[in-house]
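Just below is one structure, and these are the notes that go with it.
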Amino acid sequence: MNKQMRLRDFGVVIGRMEAGTLNSITDVEGVTVGHVTLSEGDMQTGVTAIVPHQGNTFKEKLIASSHVINGFGKTMGTIQMEELGVLETPILLTNTLSIGTAADALFQYMLENNPEIGRTTGTVNPIVGECNDMLLNDIRGQHVKKEHVFQALQNASTEFLEGSVGAGTGMLCYSLKGGIGTSSRRIPLDHGDYTIGVLVLSNFGILSDLMIKGRAIGLELKEALLKSWEEKDKGSVMVIVATDLTVSERQLNRIIKRSVAGLSRTGSIITHGSGEVVIGFSTATKIPHDKSADCLTIPTIHEEDMDIAFRAVGEAVEEAVLNSLITATHVIGRDGNERPAFKDLLKEFDMQL
């Protein structure tokens, strides 16, 4: 995707299941992703927008759910999502101190497209996720502005960059440069073929814990570097799960909970200071904002079909995290702080994956 070298280009295939055409969250039809990257000197941050479908998300809501693995985070909008079980806006990702700006911009974006909000109907519930990029980014500068959010939404496409871009510009992963990563899995069932797609904003973990397919490659790299790394996991990870499976909110919640399996296989132990938050939505059923005279019909898969979805989300999360590492580039940011790129270290020490 966009000619970046991704994990599979290095000969590493995660799991047993087949990936989608782009091996991306956008393999779920209708989903698009856009970035704005702010990378200059001490400013190393940005915003990433996930657009869940190409219609009006307020008028045509999607079944949605969130799950907190570890709650050291400042995500907005998940309380109402948990209560009502629907998504009614795009999802924004940015740095911790820019969630207010992002929410304000998303409010404005939704108001411009829905004149009835705050007049003849209720308000709107913006969904914004964050990670802390303060090592590489001057986070106090609050560089993300409302126009950057609008640009990210406008830029949204089925193909997009990974690594040190958008909200991932200043993020770390396993003490190396992290950021945006994505992956997908096909789900063949008797009644149809479906897809689960994942996008992560990775900003967690310590180098010595990094694992790829059971290999302790992080420990190998730490020994090869022969230098003292500050191994403190103070980051977070946002996991966005999209699917076209016909699921209820309860079923979707069960699926996104299995994200932790993918995180764990990369080496995460879900530390105290790391916020792991998962947000999921299904495009299979659109819930009309306006009440109709008829009952809503929401088809769901059988519970016996859930295991393949559990496997799919775990595999996709694992590969998305590793894609965020392998695509990331070396960044020098605030006060000269820097983190190397995983692929550069592999080359430096002549290591193969």
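As shown in the structure tokens, the chain order sets the letters A, B, ...; within each chain, residues go from 1, and ligands are also counted from 1 in the order they appear.
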According to DSSP computed on the backbone, where in region 130-331 of chain A is there helix (DSSP H, G or I)? Give the residues as an MDAnalysis selection string. chainID A and resid 139:141 146:155 166:168 207:209 217:225 249:257 259:265 303:327
May I have the residues from that selection written out with C-alpha atoms, as a CSV table (one decimal), in the first residue's frame?
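part-v6.csv written:
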chain,number,residue,atom,x,y,z
A,139,ILE,CA,3.0,18.4,23.2
A,140,ARG,CA,2.5,21.7,25.1
A,141,GLY,CA,2.6,23.5,21.8
A,146,LYS,CA,-9.1,22.5,13.6
A,147,GLU,CA,-8.1,23.0,9.9
A,148,HIS,CA,-5.8,19.9,10.2
A,149,VAL,CA,-8.8,17.8,11.3
A,150,PHE,CA,-10.8,19.0,8.3
A,151,GLN,CA,-7.9,18.2,6.0
A,152,ALA,CA,-7.5,14.7,7.4
A,153,LEU,CA,-11.2,14.1,6.9
A,154,GLN,CA,-11.0,15.5,3.4
A,155,ASN,CA,-7.9,13.4,2.6
A,166,GLY,CA,-0.7,11.5,11.0
A,167,ALA,CA,-1.4,10.8,14.7
A,168,GLY,CA,1.6,8.4,14.6
A,207,LEU,CA,12.4,-3.0,23.4
A,208,SER,CA,13.3,-6.1,25.3
A,209,ASP,CA,9.7,-7.4,25.2
A,217,ILE,CA,13.9,-10.0,18.5
A,218,GLY,CA,13.6,-7.0,20.8
A,219,LEU,CA,16.0,-8.7,23.2
A,220,GLU,CA,18.4,-9.5,20.4
A,221,LEU,CA,18.4,-5.8,19.3
A,222,LYS,CA,18.8,-4.5,22.8
A,223,GLU,CA,21.9,-6.7,23.2
A,224,ALA,CA,23.3,-5.7,19.8
A,225,LEU,CA,22.8,-2.0,20.6
A,249,GLU,CA,-23.3,-4.7,19.8
A,250,ARG,CA,-22.8,-7.5,22.3
A,251,GLN,CA,-21.2,-9.8,19.7
A,252,LEU,CA,-19.0,-6.9,18.5
A,253,ASN,CA,-17.8,-6.2,22.0
A,254,ARG,CA,-16.9,-9.9,22.4
A,255,ILE,CA,-14.8,-9.7,19.2
A,256,ILE,CA,-12.9,-6.5,20.0
A,257,LYS,CA,-12.0,-7.8,23.4
A,259,SER,CA,-7.6,-7.5,20.4
A,260,VAL,CA,-5.5,-8.2,23.6
A,261,ALA,CA,-4.4,-11.5,22.1
A,262,GLY,CA,-2.8,-9.7,19.2
A,263,LEU,CA,-1.1,-7.1,21.4
A,264,SER,CA,0.2,-9.9,23.7
A,265,ARG,CA,1.7,-11.8,20.9
A,303,GLU,CA,-22.5,-17.7,18.2
A,304,GLU,CA,-20.9,-20.7,16.7
A,305,ASP,CA,-19.4,-18.4,14.0
A,306,MET,CA,-17.6,-16.2,16.6
A,307,ASP,CA,-14.4,-18.1,17.0
A,308,ILE,CA,-13.2,-17.3,13.5
A,309,ALA,CA,-13.8,-13.7,14.1
A,310,PHE,CA,-11.9,-13.9,17.4
A,311,ARG,CA,-8.9,-15.4,15.5
A,312,ALA,CA,-9.2,-12.8,12.8
A,313,VAL,CA,-9.1,-9.8,15.1
A,314,GLY,CA,-6.1,-11.2,17.0
A,315,GLU,CA,-4.1,-11.8,13.9
A,316,ALA,CA,-5.0,-8.4,12.4
A,317,VAL,CA,-4.0,-6.5,15.5
A,318,GLU,CA,-0.7,-8.4,15.8
A,319,GLU,CA,0.2,-7.6,12.2
A,320,ALA,CA,-1.0,-4.0,12.4
A,321,VAL,CA,1.3,-3.3,15.4
A,322,LEU,CA,4.2,-4.9,13.5
A,323,ASN,CA,3.4,-2.9,10.4
A,324,SER,CA,3.4,0.3,12.4
A,325,LEU,CA,7.0,-0.6,13.5
A,326,ILE,CA,8.4,-1.8,10.1
A,327,THR,CA,7.0,1.2,8.2
Those of region 2-228 of chain A in DSSP strand (DSSP E), formatted as a PyMOL selection string: chain A and resi 32-40+43-51+60-70+86-87+91-95+127-131+172-173+176-177+179-189+192-203
Within 8 Å of region 170-181 of chain A: each region 197-233 of chain A residue with its shortest pair, only C-alpha atoms, as CSV:
residue,atom,partner,partner_atom,distance
A:Leu199,CA,A:Gly181,CA,5.7
A:Val200,CA,A:Gly181,CA,5.3
A:Leu201,CA,A:Ile180,CA,4.8
A:Ser202,CA,A:Gly179,CA,5.0
A:Asn203,CA,A:Leu172,CA,4.6
A:Phe204,CA,A:Cys173,CA,4.9
A:Gly205,CA,A:Tyr174,CA,4.2
A:Ile206,CA,A:Tyr174,CA,4.2
A:Leu207,CA,A:Tyr174,CA,4.4
A:Ser208,CA,A:Tyr174,CA,7.7
A:Asp209,CA,A:Tyr174,CA,7.3
A:Leu210,CA,A:Tyr174,CA,6.2
A:Gly218,CA,A:Tyr174,CA,7.9
A:Trp229,CA,A:Ser175,CA,7.8
A:Glu231,CA,A:Ser175,CA,7.1
Considering only C-alpha atoms, return as a ChimeraX atom specification whatever protein or nucleic-acid residues lie within 7 Å of region 59-76 of chain A, sequence-local ones (same chain, fewer than 6 positions apart) excluded. /A:82,85-88,96,127-130,249,252-253,256-257,270,273-283,285-289
Can you spit out the residues from that selection as a CSV table (one decimal), in the first residue's frame, using N, CA and C atoms?
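Here's the written file out-v4.csv:
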chain,number,residue,atom,x,y,z
A,82,GLU,N,-21.1,3.1,24.7
A,82,GLU,CA,-21.4,1.9,25.5
A,82,GLU,C,-22.8,1.9,25.8
A,85,GLY,N,-24.7,1.9,22.0
A,85,GLY,CA,-24.2,0.9,21.1
A,85,GLY,C,-24.1,1.3,19.6
A,86,VAL,N,-23.9,2.6,19.4
A,86,VAL,CA,-23.8,3.1,18.0
A,86,VAL,C,-22.7,4.1,17.8
A,87,LEU,N,-22.2,4.2,16.6
A,87,LEU,CA,-21.2,5.2,16.2
A,87,LEU,C,-21.9,6.2,15.2
A,88,GLU,N,-21.8,7.5,15.5
A,88,GLU,CA,-22.5,8.5,14.6
A,88,GLU,C,-21.5,9.6,14.1
A,96,THR,N,-2.5,13.5,23.1
A,96,THR,CA,-3.3,13.6,24.3
A,96,THR,C,-3.8,15.0,24.5
A,127,ILE,N,-16.2,10.9,18.6
A,127,ILE,CA,-15.3,9.9,19.1
A,127,ILE,C,-13.8,10.3,18.8
A,128,VAL,N,-13.0,10.5,19.8
A,128,VAL,CA,-11.6,10.9,19.6
A,128,VAL,C,-10.8,10.1,20.6
A,129,GLY,N,-9.7,9.5,20.0
A,129,GLY,CA,-8.8,8.7,20.7
A,129,GLY,C,-7.4,9.4,20.7
A,130,GLU,N,-6.5,9.0,21.7
A,130,GLU,CA,-5.3,9.7,21.8
A,130,GLU,C,-4.2,8.8,22.3
A,249,GLU,N,-24.3,-5.5,19.0
A,249,GLU,CA,-23.3,-4.7,19.8
A,249,GLU,C,-22.6,-5.6,20.8
A,252,LEU,N,-20.1,-7.8,18.9
A,252,LEU,CA,-19.0,-6.9,18.5
A,252,LEU,C,-18.1,-6.7,19.6
A,253,ASN,N,-18.7,-6.4,20.8
A,253,ASN,CA,-17.8,-6.2,22.0
A,253,ASN,C,-17.0,-7.5,22.3
A,256,ILE,N,-14.0,-7.5,19.8
A,256,ILE,CA,-12.9,-6.5,20.0
A,256,ILE,C,-12.2,-6.8,21.3
A,257,LYS,N,-12.8,-7.4,22.2
A,257,LYS,CA,-12.0,-7.8,23.4
A,257,LYS,C,-10.8,-8.7,23.1
A,270,ILE,N,0.7,-5.0,28.9
A,270,ILE,CA,-0.3,-4.1,29.3
A,270,ILE,C,0.1,-3.5,30.7
A,273,GLY,N,1.2,2.3,33.1
A,273,GLY,CA,1.1,3.6,32.5
A,273,GLY,C,0.7,3.6,31.0
A,274,SER,N,0.3,2.4,30.5
A,274,SER,CA,-0.1,2.3,29.1
A,274,SER,C,-1.6,2.2,28.9
A,275,GLY,N,-2.2,3.1,28.2
A,275,GLY,CA,-3.7,3.0,28.0
A,275,GLY,C,-4.0,2.2,26.7
A,276,GLU,N,-4.7,1.1,26.9
A,276,GLU,CA,-5.1,0.3,25.7
A,276,GLU,C,-6.6,0.3,25.6
A,277,VAL,N,-7.0,1.0,24.5
A,277,VAL,CA,-8.4,1.2,24.3
A,277,VAL,C,-8.8,0.8,22.9
A,278,VAL,N,-9.9,0.0,22.8
A,278,VAL,CA,-10.3,-0.6,21.5
A,278,VAL,C,-11.7,0.0,21.2
A,279,ILE,N,-11.9,0.4,19.9
A,279,ILE,CA,-13.1,0.9,19.4
A,279,ILE,C,-13.5,0.1,18.2
A,280,GLY,N,-14.7,-0.5,18.1
A,280,GLY,CA,-15.1,-1.3,17.0
A,280,GLY,C,-16.4,-0.9,16.4
A,281,PHE,N,-16.6,-1.1,15.1
A,281,PHE,CA,-17.9,-0.8,14.5
A,281,PHE,C,-18.1,-1.8,13.4
A,282,SER,N,-19.4,-2.0,13.1
A,282,SER,CA,-19.8,-2.9,12.0
A,282,SER,C,-20.5,-2.1,10.9
A,283,THR,N,-20.2,-2.2,9.7
A,283,THR,CA,-20.9,-1.5,8.6
A,283,THR,C,-22.1,-2.3,8.0
A,285,THR,N,-25.0,-3.1,9.3
A,285,THR,CA,-26.4,-2.6,9.5
A,285,THR,C,-26.3,-1.1,9.9
A,286,LYS,N,-27.1,-0.3,9.1
A,286,LYS,CA,-27.1,1.1,9.4
A,286,LYS,C,-28.4,1.4,10.2
A,287,ILE,N,-28.2,2.1,11.3
A,287,ILE,CA,-29.3,2.4,12.2
A,287,ILE,C,-29.8,3.8,11.9
A,288,PRO,N,-31.0,4.0,11.4
A,288,PRO,CA,-31.5,5.3,11.0
A,288,PRO,C,-31.6,6.2,12.3
A,289,HIS,N,-31.2,7.5,12.1
A,289,HIS,CA,-31.4,8.4,13.2
A,289,HIS,C,-32.9,8.7,13.5
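Within 8 Å of Asp42 (chain A), once only C-alpha atoms are used and residues closer than 4 positions along the same chain are dropped, the contacting residues are Leu136, Asn137, Asp138, Gly333, Arg334, Asp335 and Gly336 of chain A.
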For the selection you just gave me, I'd like the residues written to a file as a short mmCIF file (atom, residue, chain, number, x, y, z; two decimals), in the first residue's frame, keeping C-alpha atoms.
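File produced: part27.cif:
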data_model
loop_
_atom_site.label_atom_id
_atom_site.label_comp_id
_atom_site.auth_asym_id
_atom_site.auth_seq_id
_atom_site.Cartn_x
_atom_site.Cartn_y
_atom_site.Cartn_z
CA LEU A 136 9.38 13.49 20.32
CA ASN A 137 6.71 16.18 20.13
CA ASP A 138 6.41 19.48 21.99
CA GLY A 333 12.06 15.78 17.58
CA ARG A 334 11.70 17.84 20.73
CA ASP A 335 15.01 18.92 22.31
CA GLY A 336 16.86 16.59 19.94
#
Need the shell around Ile50 (chain A): protein/DNA/RNA residues with any atom at most 9 Å away, counting only C-alpha atoms. Skip same-chain ones fewer than 5 positions apart. Format as a PyMOL selection string? chain A and resi 31-34+90-93+152-153+156+199+240
Neighbouring residues of Lys145 (chain A) were defined as those with any atom within 10 Å, considering only C-alpha atoms; residues of the same chain fewer than 4 positions away were excluded. Please report them as a ChimeraX atom specification. /A:46-47,98,101-102,104-105,149-150
Separation of CA of Val247 (chain A) and CA of Glu18 (chain A), in Å?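 About the pair CA of Val247 (chain A) and CA of Glu18 (chain A): they are 20.9 Å apart.
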Here is a test: counting only C-alpha atoms, which residue of A:Thr121, A:Thr89, A:Thr169, A:Thr271 is nearest to Lys291 (chain A)?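 Going through A:Thr121, A:Thr89, A:Thr169, A:Thr271 one by one, the smallest distance to Lys291 (chain A) is for A:Thr121.
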From the set A:Lys234, A:His330, A:Arg186, A:Arg119, which residue has the shortest atom-to-atom contact distance to Asp27 (chain A), counting only C-alpha atoms?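 Comparing A:Lys234, A:His330, A:Arg186, A:Arg119 against Asp27 (chain A), the winner is A:Arg186.
If you look at CA of Ala284 (chain A) and CA of Gly192 (chain A), they are 12.1 Å away from each other.
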If you measure from CA of Val241 (chain A) to CA of Lys3 (chain A), what distance in Å do you get, rounded to one decimal? 23.6 Å
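If you count only C-alpha atoms and ignore residues fewer than 4 places along the chain from His191 (chain A), what sits within 12 Å of it is Ile187, Leu245, Thr246, Pro299, Thr300, Ile301, His302 and Asp305 of chain A.
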Produce a file of the selected residues containing N, CA and C atoms, as a short mmCIF file (atom, residue, chain, number, x, y, z; two decimals), in the first residue's frame.
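Result written to selection.cif:
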data_model
loop_
_atom_site.label_atom_id
_atom_site.label_comp_id
_atom_site.auth_asym_id
_atom_site.auth_seq_id
_atom_site.Cartn_x
_atom_site.Cartn_y
_atom_site.Cartn_z
N ILE A 187 -13.02 -13.46 6.35
CA ILE A 187 -13.76 -14.42 7.18
C ILE A 187 -14.77 -15.13 6.29
N LEU A 245 -19.17 -7.82 9.26
CA LEU A 245 -19.94 -8.91 9.85
C LEU A 245 -21.27 -8.41 10.39
N THR A 246 -22.30 -9.20 10.21
CA THR A 246 -23.61 -8.87 10.76
C THR A 246 -23.63 -9.29 12.23
N PRO A 299 -29.78 -8.26 11.63
CA PRO A 299 -29.32 -9.65 11.49
C PRO A 299 -28.01 -9.86 12.26
N THR A 300 -27.83 -11.05 12.77
CA THR A 300 -26.60 -11.37 13.50
C THR A 300 -26.10 -12.75 13.09
N ILE A 301 -24.80 -12.94 13.21
CA ILE A 301 -24.24 -14.26 12.98
C ILE A 301 -24.56 -15.15 14.18
N HIS A 302 -24.45 -16.45 13.97
CA HIS A 302 -24.64 -17.41 15.06
C HIS A 302 -23.42 -17.37 15.97
N ASP A 305 -20.23 -19.04 15.04
CA ASP A 305 -19.36 -18.41 14.04
C ASP A 305 -18.38 -17.42 14.66
#
Using only C-alpha atoms, which of A:Ala216, A:Leu111, A:Val198, A:Ala49 sits nearest Ala242 (chain A)? A:Val198
